file final.cif (mmCIF, C-alpha atoms and all ligand atoms)
data_structure
#
loop_
_atom_site.group_PDB
_atom_site.id
_atom_site.type_symbol
_atom_site.label_atom_id
_atom_site.label_comp_id
_atom_site.auth_asym_id
_atom_site.auth_seq_id
_atom_site.Cartn_x
_atom_site.Cartn_y
_atom_site.Cartn_z
ATOM 1 C CA MET Q 1 95.627 117.863 96.370
ATOM 2 C CA ASN Q 2 94.659 117.540 100.029
ATOM 3 C CA ASP Q 3 91.304 119.238 99.716
ATOM 4 C CA ARG Q 4 89.986 116.371 97.606
ATOM 5 C CA PRO Q 5 87.172 114.285 99.142
ATOM 6 C CA VAL Q 6 88.410 111.578 101.484
ATOM 7 C CA ILE Q 7 87.940 107.877 100.782
ATOM 8 C CA ALA Q 8 88.281 105.353 103.628
ATOM 9 C CA VAL Q 9 89.409 101.904 102.473
ATOM 10 C CA LEU Q 10 88.868 98.823 104.652
ATOM 11 C CA VAL Q 11 91.145 95.821 104.113
ATOM 12 C CA SER Q 12 91.853 92.495 105.782
ATOM 13 C CA GLY Q 13 94.711 91.227 103.652
ATOM 14 C CA SER Q 14 97.028 91.956 100.758
ATOM 15 C CA GLY Q 15 95.353 95.178 99.689
ATOM 16 C CA SER Q 16 96.064 94.965 95.966
ATOM 17 C CA ASN Q 17 92.727 96.676 95.295
ATOM 18 C CA LEU Q 18 93.714 99.346 97.793
ATOM 19 C CA GLN Q 19 96.934 99.797 95.805
ATOM 20 C CA ALA Q 20 94.966 100.183 92.561
ATOM 21 C CA ILE Q 21 92.811 102.850 94.226
ATOM 22 C CA ILE Q 22 95.823 104.723 95.640
ATOM 23 C CA ASP Q 23 97.598 104.604 92.266
ATOM 24 C CA ALA Q 24 94.521 105.825 90.381
ATOM 25 C CA SER Q 25 94.124 108.639 92.895
ATOM 26 C CA GLU Q 26 97.792 109.631 92.619
ATOM 27 C CA ARG Q 27 97.500 109.656 88.813
ATOM 28 C CA GLY Q 28 94.516 111.997 89.157
ATOM 29 C CA GLU Q 29 92.059 109.475 87.740
ATOM 30 C CA ILE Q 30 89.855 109.637 90.841
ATOM 31 C CA PRO Q 31 88.651 112.983 92.182
ATOM 32 C CA GLY Q 32 89.403 111.922 95.746
ATOM 33 C CA ARG Q 33 92.221 110.689 97.938
ATOM 34 C CA VAL Q 34 92.590 107.754 100.287
ATOM 35 C CA GLY Q 35 92.665 109.425 103.712
ATOM 36 C CA LEU Q 36 92.329 106.343 105.904
ATOM 37 C CA VAL Q 37 93.154 102.669 105.597
ATOM 38 C CA LEU Q 38 91.486 100.630 108.280
ATOM 39 C CA SER Q 39 92.009 96.948 108.972
ATOM 40 C CA ASN Q 40 90.662 94.385 111.413
ATOM 41 C CA LYS Q 41 94.070 92.681 111.218
ATOM 42 C CA ALA Q 42 97.253 94.293 112.480
ATOM 43 C CA ASP Q 43 99.389 92.267 110.055
ATOM 44 C CA ALA Q 44 97.377 93.050 106.909
ATOM 45 C CA PHE Q 45 99.831 93.921 104.119
ATOM 46 C CA GLY Q 46 97.394 96.625 103.018
ATOM 47 C CA LEU Q 47 98.462 98.678 106.059
ATOM 48 C CA GLU Q 48 102.056 98.511 104.853
ATOM 49 C CA ARG Q 49 101.010 99.745 101.416
ATOM 50 C CA ALA Q 50 99.194 102.686 103.016
ATOM 51 C CA ARG Q 51 102.194 103.641 105.155
ATOM 52 C CA LYS Q 52 104.406 103.697 102.050
ATOM 53 C CA HIS Q 53 102.137 106.394 100.650
ATOM 54 C CA GLY Q 54 101.933 108.358 103.901
ATOM 55 C CA ILE Q 55 98.269 107.459 104.374
ATOM 56 C CA PRO Q 56 96.963 107.276 107.973
ATOM 57 C CA THR Q 57 96.105 103.762 109.126
ATOM 58 C CA ALA Q 58 94.027 102.275 111.926
ATOM 59 C CA VAL Q 59 93.550 98.779 113.275
ATOM 60 C CA VAL Q 60 90.281 97.769 114.895
ATOM 61 C CA ASP Q 61 90.585 94.127 115.908
ATOM 62 C CA HIS Q 62 87.173 92.450 115.813
ATOM 63 C CA LYS Q 63 88.339 89.954 118.452
ATOM 64 C CA MET Q 64 88.495 92.759 121.026
ATOM 65 C CA PHE Q 65 84.739 93.388 120.847
ATOM 66 C CA ALA Q 66 81.868 91.560 122.513
ATOM 67 C CA GLY Q 67 79.752 91.510 119.346
ATOM 68 C CA ARG Q 68 79.473 92.632 115.737
ATOM 69 C CA GLU Q 69 77.532 95.807 116.617
ATOM 70 C CA ALA Q 70 80.159 97.009 119.078
ATOM 71 C CA PHE Q 71 82.897 96.337 116.504
ATOM 72 C CA ASP Q 72 80.936 98.204 113.826
ATOM 73 C CA ALA Q 73 80.297 101.157 116.157
ATOM 74 C CA LYS Q 74 84.066 101.519 116.572
ATOM 75 C CA LEU Q 75 84.600 101.324 112.795
ATOM 76 C CA VAL Q 76 82.019 104.079 112.348
ATOM 77 C CA GLU Q 77 83.747 106.264 114.928
ATOM 78 C CA VAL Q 78 87.174 105.893 113.289
ATOM 79 C CA ILE Q 79 85.839 106.442 109.763
ATOM 80 C CA ARG Q 80 83.800 109.496 110.790
ATOM 81 C CA ALA Q 81 86.917 111.017 112.365
ATOM 82 C CA SER Q 82 88.692 110.715 108.993
ATOM 83 C CA GLY Q 83 86.032 112.866 107.316
ATOM 84 C CA ALA Q 84 85.492 110.211 104.631
ATOM 85 C CA VAL Q 85 82.656 110.775 102.164
ATOM 86 C CA LEU Q 86 83.027 107.294 100.713
ATOM 87 C CA VAL Q 87 83.846 103.937 102.322
ATOM 88 C CA CYS Q 88 85.354 101.217 100.134
ATOM 89 C CA LEU Q 89 85.582 97.618 101.286
ATOM 90 C CA ALA Q 90 88.542 96.034 99.510
ATOM 91 C CA GLY Q 91 88.995 92.467 100.666
ATOM 92 C CA PHE Q 92 87.502 93.333 104.062
ATOM 93 C CA MET Q 93 86.465 89.920 105.318
ATOM 94 C CA ARG Q 94 83.881 90.842 107.948
ATOM 95 C CA VAL Q 95 80.126 90.875 107.551
ATOM 96 C CA VAL Q 96 78.901 94.264 108.719
ATOM 97 C CA THR Q 97 75.718 95.066 110.624
ATOM 98 C CA PRO Q 98 73.075 97.775 110.165
ATOM 99 C CA VAL Q 99 75.061 99.876 112.686
ATOM 100 C CA PHE Q 100 77.713 100.308 110.009
ATOM 101 C CA LEU Q 101 75.393 100.462 107.003
ATOM 102 C CA ARG Q 102 73.114 103.099 108.461
ATOM 103 C CA ALA Q 103 76.030 105.346 109.381
ATOM 104 C CA PHE Q 104 76.972 105.729 105.703
ATOM 105 C CA PRO Q 105 73.786 105.245 103.674
ATOM 106 C CA HIS Q 106 74.537 104.601 99.975
ATOM 107 C CA ARG Q 107 78.138 105.540 100.609
ATOM 108 C CA ILE Q 108 79.724 102.093 101.032
ATOM 109 C CA LEU Q 109 81.097 100.148 98.061
ATOM 110 C CA ASN Q 110 82.335 96.568 97.951
ATOM 111 C CA ILE Q 111 84.225 94.479 95.419
ATOM 112 C CA HIS Q 112 83.493 90.802 95.015
ATOM 113 C CA PRO Q 113 85.429 88.238 92.936
ATOM 114 C CA ALA Q 114 82.451 86.768 91.061
ATOM 115 C CA LEU Q 115 79.647 87.835 88.755
ATOM 116 C CA LEU Q 116 76.965 88.484 91.366
ATOM 117 C CA PRO Q 117 74.405 87.198 92.106
ATOM 118 C CA SER Q 118 76.465 84.044 91.414
ATOM 119 C CA PHE Q 119 78.893 82.841 94.054
ATOM 120 C CA PRO Q 120 78.481 85.327 96.927
ATOM 121 C CA GLY Q 121 80.315 84.995 100.233
ATOM 122 C CA THR Q 122 83.851 83.717 100.537
ATOM 123 C CA HIS Q 123 86.018 81.931 97.935
ATOM 124 C CA GLY Q 124 84.185 83.253 94.849
ATOM 125 C CA PRO Q 125 86.795 81.877 92.384
ATOM 126 C CA ALA Q 126 86.758 78.412 94.016
ATOM 127 C CA GLN Q 127 82.955 78.354 93.919
ATOM 128 C CA ALA Q 128 83.016 79.212 90.196
ATOM 129 C CA LEU Q 129 85.529 76.429 89.485
ATOM 130 C CA ARG Q 130 83.510 73.881 91.437
ATOM 131 C CA TYR Q 131 80.336 74.844 89.594
ATOM 132 C CA GLY Q 132 82.055 74.539 86.206
ATOM 133 C CA VAL Q 133 81.078 77.907 84.695
ATOM 134 C CA ARG Q 134 82.908 79.038 81.526
ATOM 135 C CA PHE Q 135 83.049 82.679 82.564
ATOM 136 C CA SER Q 136 83.427 84.405 85.875
ATOM 137 C CA GLY Q 137 84.507 87.890 86.857
ATOM 138 C CA CYS Q 138 84.039 90.558 89.455
ATOM 139 C CA THR Q 139 81.429 92.990 90.682
ATOM 140 C CA VAL Q 140 81.536 96.399 92.354
ATOM 141 C CA HIS Q 141 78.315 97.073 94.219
ATOM 142 C CA PHE Q 142 76.769 99.243 96.878
ATOM 143 C CA LEU Q 143 76.662 97.474 100.200
ATOM 144 C CA ASP Q 144 73.271 96.571 101.600
ATOM 145 C CA GLU Q 145 72.115 94.394 104.464
ATOM 146 C CA GLY Q 146 72.615 91.089 102.623
ATOM 147 C CA VAL Q 147 75.825 89.266 101.794
ATOM 148 C CA ASP Q 148 76.980 90.591 98.394
ATOM 149 C CA THR Q 149 73.424 91.507 97.383
ATOM 150 C CA GLY Q 150 73.589 95.297 96.937
ATOM 151 C CA PRO Q 151 72.906 97.262 93.726
ATOM 152 C CA VAL Q 152 75.528 96.559 91.032
ATOM 153 C CA ILE Q 153 77.672 99.422 89.759
ATOM 154 C CA ALA Q 154 80.127 97.648 87.464
ATOM 155 C CA GLN Q 155 81.086 94.143 86.424
ATOM 156 C CA ALA Q 156 83.822 92.611 84.304
ATOM 157 C CA ILE Q 157 84.057 89.108 82.941
ATOM 158 C CA VAL Q 158 86.978 86.732 82.484
ATOM 159 C CA PRO Q 159 87.108 83.267 80.906
ATOM 160 C CA VAL Q 160 87.532 80.207 83.101
ATOM 161 C CA HIS Q 161 90.148 77.835 81.672
ATOM 162 C CA GLU Q 162 89.858 74.097 82.091
ATOM 163 C CA ASP Q 163 93.250 73.886 83.770
ATOM 164 C CA ASP Q 164 92.581 76.814 86.123
ATOM 165 C CA THR Q 165 93.331 76.506 89.807
ATOM 166 C CA GLU Q 166 91.661 78.702 92.401
ATOM 167 C CA GLU Q 167 94.836 80.826 92.392
ATOM 168 C CA SER Q 168 95.098 81.240 88.610
ATOM 169 C CA LEU Q 169 91.422 82.166 88.265
ATOM 170 C CA ALA Q 170 91.553 84.528 91.246
ATOM 171 C CA ALA Q 171 94.592 86.264 89.715
ATOM 172 C CA ARG Q 172 92.837 86.731 86.346
ATOM 173 C CA ILE Q 173 89.804 88.161 88.135
ATOM 174 C CA LEU Q 174 91.957 90.417 90.309
ATOM 175 C CA THR Q 175 93.408 92.131 87.232
ATOM 176 C CA GLU Q 176 89.878 93.153 86.271
ATOM 177 C CA GLU Q 177 89.072 94.204 89.854
ATOM 178 C CA HIS Q 178 91.951 96.659 89.695
ATOM 179 C CA ARG Q 179 90.447 98.153 86.548
ATOM 180 C CA ILE Q 180 86.793 98.461 87.582
ATOM 181 C CA TYR Q 181 87.058 99.438 91.262
ATOM 182 C CA PRO Q 182 88.809 102.770 90.605
ATOM 183 C CA MET Q 183 86.367 103.391 87.741
ATOM 184 C CA ALA Q 184 83.357 102.830 90.029
ATOM 185 C CA ILE Q 185 84.864 105.120 92.664
ATOM 186 C CA ARG Q 186 85.380 107.830 90.073
ATOM 187 C CA LEU Q 187 81.745 107.545 88.956
ATOM 188 C CA PHE Q 188 80.570 107.759 92.569
ATOM 189 C CA LEU Q 189 82.697 110.804 93.395
ATOM 190 C CA GLU Q 190 81.634 112.521 90.187
ATOM 191 C CA GLY Q 191 78.031 112.133 91.367
ATOM 192 C CA ARG Q 192 77.106 110.091 88.298
ATOM 193 C CA LEU Q 193 75.467 107.125 90.060
ATOM 194 C CA THR Q 194 71.769 107.006 90.903
ATOM 195 C CA ILE Q 195 70.200 104.095 92.758
ATOM 196 C CA GLU Q 196 66.593 103.247 92.021
ATOM 197 C CA GLY Q 197 65.536 100.110 93.848
ATOM 198 C CA ARG Q 198 68.018 97.437 92.780
ATOM 199 C CA LYS Q 199 69.230 99.334 89.753
ATOM 200 C CA VAL Q 200 72.078 101.771 89.420
ATOM 201 C CA THR Q 201 72.029 104.166 86.495
ATOM 202 C CA THR Q 202 75.228 105.826 85.357
ATOM 203 C CA LYS Q 203 75.212 109.242 83.794
ATOM 204 C CA GLY Q 204 77.349 109.200 80.645
ATOM 205 C CA ALA Q 205 78.010 105.421 80.765
ATOM 206 C CA GLU Q 206 77.961 105.236 76.973
ATOM 207 C CA LYS Q 207 81.048 107.443 76.876
ATOM 208 C CA ILE Q 208 83.094 105.186 79.158
ATOM 209 C CA PRO Q 209 85.261 102.818 77.116
ATOM 210 C CA ASP Q 210 84.808 99.211 78.152
ATOM 211 C CA PHE Q 211 82.060 100.079 80.647
ATOM 212 C CA SER Q 212 80.299 96.819 79.956
ATOM 213 C CA ARG Q 213 82.345 94.110 78.339
ATOM 214 C CA ARG Q 214 80.677 91.546 76.148
ATOM 215 C CA ASN Q 215 81.978 88.529 74.262
ATOM 216 C CA PRO Q 216 85.470 88.517 75.730
ATOM 217 C CA ASP Q 217 88.190 86.477 74.034
ATOM 218 C CA ALA Q 218 88.388 83.088 75.680
HETATM 219 C C1 LIG M 301 89.693 90.391 96.207
HETATM 220 O O1 LIG M 301 89.672 89.390 95.213
HETATM 221 C C2 LIG M 301 88.296 90.768 96.621
HETATM 222 O O2 LIG M 301 87.390 90.770 95.551
HETATM 223 C C3 LIG M 301 87.983 89.661 97.597
HETATM 224 O O3 LIG M 301 89.153 89.528 98.347
HETATM 225 C C4 LIG M 301 90.272 89.836 97.511
HETATM 226 C C5 LIG M 301 91.131 90.853 98.231
HETATM 227 O O4 LIG M 301 92.314 91.082 97.507
HETATM 228 N N1 LIG M 301 86.847 89.977 98.417
HETATM 229 C C6 LIG M 301 85.950 89.069 98.798
HETATM 230 O O5 LIG M 301 86.053 87.882 98.546
HETATM 231 C C7 LIG M 301 84.797 89.617 99.601
HETATM 232 N N2 LIG M 301 83.760 88.644 99.722
HETATM 233 P P1 LIG M 301 93.222 92.335 97.847
HETATM 234 O O6 LIG M 301 93.392 92.366 99.370
HETATM 235 O O7 LIG M 301 94.511 92.039 97.150
HETATM 236 O O8 LIG M 301 92.543 93.568 97.317
#

call {"tool": "encode", "arguments": {"input": "final.cif", "output": "structure tokens"}}
result
Amino acid sequence: MNDRPVIAVLVSGSGSNLQAIIDASERGEIPGRVGLVLSNKADAFGLERARKHGIPTAVVDHKMFAGREAFDAKLVEVIRASGAVLVCLAGFMRVVTPVFLRAFPHRILNIHPALLPSFPGTHGPAQALRYGVRFSGCTVHFLDEGVDTGPVIAQAIVPVHEDDTEESLAARILTEEHRIYPMAIRLFLEGRLTIEGRKVTTKGAEKIPDFSRRNPDA
């Protein structure tokens, strides 16, 4: 089990996506294992989740660094030491710099709680509610130098109900995040993703049930 490729997961909060990734890995659904959980916040519940599974953790507090580049250089150092071949941002609420991006080219994934390119940045579900869209969802994408602008790997859609609150919509979206993030990680580790410009092509996508969901029940 321990010779599987290492995934580093970066969290700032609850870490429910981290949990979905750990669970999928433990069930053998991902050909890799979480070998590092890194947080910029010492009290992130994600760290607790990692400890429960015997996964090494690290805290790099952004407030201890003079600037974003210095913070990112430390992240790079800690991740490199873990031997990770893939870096997954899972509710990691820091904007990273080219120092971080260039250290792991095309090897950083992010999950966002909206159907990008709609509603990037923070509070995706609240933005969707304010705008009045009928459907929202989530997106797993490769990280690039913009905010939530990188090539899209997978998306899932959920209906927006008229009586939704930010919390109820975020929870409905989160359920789908937990489904598509492990799937995207599996595709990456199986070497099935190719990036050409903005577009990601997926080898064997037609054989993946539910890979793209259309016309969901409202
Ligand atoms: C998730 O909904 C994730 O998509 C979002 O933070 C939440 C973290 O939940 N990320 C962003 O908004 C990034 N812009 P979790 O800690 O329970 O996985």

call {"tool": "residues_around", "arguments": {"input": "final.cif", "residues": "Ser25 in chain Q", "least_positions_apart": "4", "cutoff": "10 Å", "atoms": "only C-alpha atoms", "output": "compact mmCIF listing (two decimals) with C-alpha atoms, keeping the file's coordinate frame"}}
result
# COMPACT_ATOMS: atom_id res chain seq x y z
CA MET Q 1 95.63 117.86 96.37
CA ARG Q 4 89.99 116.37 97.61
CA GLN Q 19 96.93 99.80 95.80
CA ALA Q 20 94.97 100.18 92.56
CA ILE Q 21 92.81 102.85 94.23
CA GLU Q 29 92.06 109.48 87.74
CA ILE Q 30 89.86 109.64 90.84
CA PRO Q 31 88.65 112.98 92.18
CA GLY Q 32 89.40 111.92 95.75
CA ARG Q 33 92.22 110.69 97.94
CA VAL Q 34 92.59 107.75 100.29
CA PRO Q 182 88.81 102.77 90.60
CA ILE Q 185 84.86 105.12 92.66
CA ARG Q 186 85.38 107.83 90.07

call {"tool": "residues_near_ligand", "arguments": {"input": "final.cif", "ligand": "ligand LIG 301 (chain M)", "cutoff": "10 Å", "atoms": "all atoms listed in the file", "output": "PyMOL selection string"}}
result
chain Q and resi 10-21+44-46+89-95+110-114+119-125+137-140+147-148+170-178+181

call {"tool": "atom_distance", "arguments": {"input": "final.cif", "atom1": "CA of Lys207 in chain Q", "atom2": "CA of Val160 in chain Q"}}
result
28.7 Å

call {"tool": "resolve_selection", "arguments": {"input": "final.cif", "expression": "the PyMOL selection byres (((chain Q and resi 106) around 9) and not hetatm)", "output": "PyMOL selection string"}}
result
chain Q and resi 86+101-102+104-105+107-109+142-144+195

call {"tool": "residues_around", "arguments": {"input": "final.cif", "residues": "range 77-84 of chain Q", "least_positions_apart": "3", "cutoff": "7 Å", "atoms": "only C-alpha atoms", "output": "compact mmCIF listing (two decimals) with C-alpha atoms, in the frame of the given file"}}
result
# COMPACT_ATOMS: atom_id res chain seq x y z
CA VAL Q 6 88.41 111.58 101.48
CA ILE Q 7 87.94 107.88 100.78
CA ALA Q 8 88.28 105.35 103.63
CA GLY Q 35 92.66 109.42 103.71
CA LEU Q 36 92.33 106.34 105.90
CA ALA Q 73 80.30 101.16 116.16
CA LYS Q 74 84.07 101.52 116.57
CA VAL Q 87 83.85 103.94 102.32

call {"tool": "residues_around", "arguments": {"input": "final.cif", "residues": "Glu196 in chain Q", "least_positions_apart": "5", "cutoff": "12 Å", "atoms": "only C-alpha atoms", "output": "PDB file with C-alpha atoms, in the frame of the given file"}}
result
ATOM      1  CA  HIS Q 106      74.537 104.601  99.975  1.00  0.00           C
ATOM      2  CA  PHE Q 142      76.769  99.243  96.878  1.00  0.00           C
ATOM      3  CA  GLY Q 150      73.589  95.297  96.937  1.00  0.00           C
ATOM      4  CA  PRO Q 151      72.906  97.262  93.726  1.00  0.00           C
ATOM      5  CA  VAL Q 152      75.528  96.559  91.032  1.00  0.00           C
ATOM      6  CA  ILE Q 153      77.672  99.422  89.759  1.00  0.00           C
ATOM      7  CA  THR Q 201      72.029 104.166  86.495  1.00  0.00           C
ATOM      8  CA  THR Q 202      75.228 105.826  85.357  1.00  0.00           C
TER       9      THR Q 202
END

call {"tool": "atom_distance", "arguments": {"input": "final.cif", "atom1": "CA of Arg49 in chain Q", "atom2": "CA of Ala24 in chain Q"}}
result
14.2 Å

call {"tool": "atom_distance", "arguments": {"input": "final.cif", "atom1": "CA of Asp23 in chain Q", "atom2": "CA of Ile55 in chain Q"}}
result
12.5 Å

call {"tool": "closest_residue", "arguments": {"input": "final.cif", "among": "Q:Ala126, Q:Ala66, Q:Val76, Q:Cys88", "to": "Val9 in chain Q", "atoms": "only C-alpha atoms"}}
result
Q:Cys88

call {"tool": "resolve_selection", "arguments": {"input": "final.cif", "expression": "the PyMOL selection byres (((chain Q and resi 71) around 10) and not hetatm)", "output": "ChimeraX atom specification"}}
result
/Q:40,60-70,72-76,96-97,99-100

call {"tool": "write_last_selection", "arguments": {"input": "final.cif", "atoms": "C-alpha atoms", "output": "PDB file, in the frame of the given file"}}
result
ATOM      1  CA  ASN Q  40      90.662  94.385 111.413  1.00  0.00           C
ATOM      2  CA  VAL Q  60      90.281  97.769 114.895  1.00  0.00           C
ATOM      3  CA  ASP Q  61      90.585  94.127 115.908  1.00  0.00           C
ATOM      4  CA  HIS Q  62      87.173  92.450 115.813  1.00  0.00           C
ATOM      5  CA  LYS Q  63      88.339  89.954 118.452  1.00  0.00           C
ATOM      6  CA  MET Q  64      88.495  92.759 121.026  1.00  0.00           C
ATOM      7  CA  PHE Q  65      84.739  93.388 120.847  1.00  0.00           C
ATOM      8  CA  ALA Q  66      81.868  91.560 122.513  1.00  0.00           C
ATOM      9  CA  GLY Q  67      79.752  91.510 119.346  1.00  0.00           C
ATOM     10  CA  ARG Q  68      79.473  92.632 115.737  1.00  0.00           C
ATOM     11  CA  GLU Q  69      77.532  95.807 116.617  1.00  0.00           C
ATOM     12  CA  ALA Q  70      80.159  97.009 119.078  1.00  0.00           C
ATOM     13  CA  ASP Q  72      80.936  98.204 113.826  1.00  0.00           C
ATOM     14  CA  ALA Q  73      80.297 101.157 116.157  1.00  0.00           C
ATOM     15  CA  LYS Q  74      84.066 101.519 116.572  1.00  0.00           C
ATOM     16  CA  LEU Q  75      84.600 101.324 112.795  1.00  0.00           C
ATOM     17  CA  VAL Q  76      82.019 104.079 112.348  1.00  0.00           C
ATOM     18  CA  VAL Q  96      78.901  94.264 108.719  1.00  0.00           C
ATOM     19  CA  THR Q  97      75.718  95.066 110.624  1.00  0.00           C
ATOM     20  CA  VAL Q  99      75.061  99.876 112.686  1.00  0.00           C
ATOM     21  CA  PHE Q 100      77.713 100.308 110.009  1.00  0.00           C
TER      22      PHE Q 100
END

call {"tool": "closest_residue", "arguments": {"input": "final.cif", "among": "Q:Val85, Q:Val158, Q:Ala42, Q:Ala184", "to": "Val200 in chain Q", "atoms": "all atoms listed in the file"}}
result
Q:Ala184

call {"tool": "resolve_selection", "arguments": {"input": "final.cif", "expression": "the PyMOL selection byres (((chain Q and resi 203) around 9) and not hetatm)", "output": "ChimeraX atom specification"}}
result
/Q:187,191-194,201-202,204-206

call {"tool": "build_atoms", "arguments": {"input": "final.cif", "residues": "range 37-54 of chain Q", "atoms": "N, CA, C and O atoms", "output": "mmCIF file, in the coordinates of the input"}}
result
data_model
loop_
_atom_site.group_PDB
_atom_site.id
_atom_site.type_symbol
_atom_site.label_atom_id
_atom_site.label_comp_id
_atom_site.auth_asym_id
_atom_site.auth_seq_id
_atom_site.Cartn_x
_atom_site.Cartn_y
_atom_site.Cartn_z
ATOM 1 N N VAL Q 37 93.220 104.105 105.871
ATOM 2 C CA VAL Q 37 93.154 102.669 105.597
ATOM 3 C C VAL Q 37 92.969 101.975 106.938
ATOM 4 O O VAL Q 37 93.764 102.141 107.865
ATOM 5 N N LEU Q 38 91.872 101.249 107.020
ATOM 6 C CA LEU Q 38 91.486 100.630 108.280
ATOM 7 C C LEU Q 38 91.481 99.113 108.093
ATOM 8 O O LEU Q 38 91.000 98.622 107.066
ATOM 9 N N SER Q 39 92.010 98.399 109.069
ATOM 10 C CA SER Q 39 92.009 96.948 108.972
ATOM 11 C C SER Q 39 91.570 96.329 110.291
ATOM 12 O O SER Q 39 91.800 96.892 111.366
ATOM 13 N N ASN Q 40 90.964 95.148 110.202
ATOM 14 C CA ASN Q 40 90.662 94.385 111.413
ATOM 15 C C ASN Q 40 91.839 93.494 111.786
ATOM 16 O O ASN Q 40 91.800 92.806 112.796
ATOM 17 N N LYS Q 41 92.895 93.520 110.942
ATOM 18 C CA LYS Q 41 94.070 92.681 111.218
ATOM 19 C C LYS Q 41 95.331 93.523 111.218
ATOM 20 O O LYS Q 41 95.658 94.177 110.215
ATOM 21 N N ALA Q 42 96.060 93.456 112.324
ATOM 22 C CA ALA Q 42 97.253 94.293 112.480
ATOM 23 C C ALA Q 42 98.337 93.940 111.467
ATOM 24 O O ALA Q 42 99.155 94.784 111.112
ATOM 25 N N ASP Q 43 98.327 92.676 110.975
ATOM 26 C CA ASP Q 43 99.389 92.267 110.055
ATOM 27 C C ASP Q 43 98.955 92.305 108.589
ATOM 28 O O ASP Q 43 99.635 91.747 107.725
ATOM 29 N N ALA Q 44 97.832 92.968 108.302
ATOM 30 C CA ALA Q 44 97.377 93.050 106.909
ATOM 31 C C ALA Q 44 98.406 93.822 106.076
ATOM 32 O O ALA Q 44 98.813 94.934 106.453
ATOM 33 N N PHE Q 45 98.818 93.254 104.946
ATOM 34 C CA PHE Q 45 99.831 93.921 104.119
ATOM 35 C C PHE Q 45 99.308 95.251 103.564
ATOM 36 O O PHE Q 45 100.082 96.168 103.287
ATOM 37 N N GLY Q 46 97.991 95.367 103.473
ATOM 38 C CA GLY Q 46 97.394 96.625 103.018
ATOM 39 C C GLY Q 46 97.836 97.819 103.872
ATOM 40 O O GLY Q 46 97.978 98.935 103.361
ATOM 41 N N LEU Q 47 98.048 97.585 105.156
ATOM 42 C CA LEU Q 47 98.462 98.678 106.059
ATOM 43 C C LEU Q 47 99.855 99.179 105.663
ATOM 44 O O LEU Q 47 100.137 100.380 105.672
ATOM 45 N N GLU Q 48 100.696 98.205 105.312
ATOM 46 C CA GLU Q 48 102.056 98.511 104.853
ATOM 47 C C GLU Q 48 102.017 99.375 103.591
ATOM 48 O O GLU Q 48 102.741 100.370 103.458
ATOM 49 N N ARG Q 49 101.151 98.983 102.674
ATOM 50 C CA ARG Q 49 101.010 99.745 101.416
ATOM 51 C C ARG Q 49 100.629 101.188 101.721
ATOM 52 O O ARG Q 49 101.149 102.119 101.126
ATOM 53 N N ALA Q 50 99.664 101.346 102.662
ATOM 54 C CA ALA Q 50 99.194 102.686 103.016
ATOM 55 C C ALA Q 50 100.336 103.516 103.586
ATOM 56 O O ALA Q 50 100.544 104.673 103.186
ATOM 57 N N ARG Q 51 101.097 102.909 104.494
ATOM 58 C CA ARG Q 51 102.194 103.641 105.155
ATOM 59 C C ARG Q 51 103.198 104.142 104.124
ATOM 60 O O ARG Q 51 103.702 105.251 104.228
ATOM 61 N N LYS Q 52 103.461 103.313 103.110
ATOM 62 C CA LYS Q 52 104.406 103.697 102.050
ATOM 63 C C LYS Q 52 103.973 104.961 101.326
ATOM 64 O O LYS Q 52 104.788 105.670 100.742
ATOM 65 N N HIS Q 53 102.659 105.209 101.341
ATOM 66 C CA HIS Q 53 102.137 106.394 100.650
ATOM 67 C C HIS Q 53 101.783 107.500 101.642
ATOM 68 O O HIS Q 53 101.118 108.472 101.272
ATOM 69 N N GLY Q 54 102.195 107.336 102.892
ATOM 70 C CA GLY Q 54 101.933 108.358 103.901
ATOM 71 C C GLY Q 54 100.461 108.491 104.259
ATOM 72 O O GLY Q 54 100.013 109.563 104.674
#
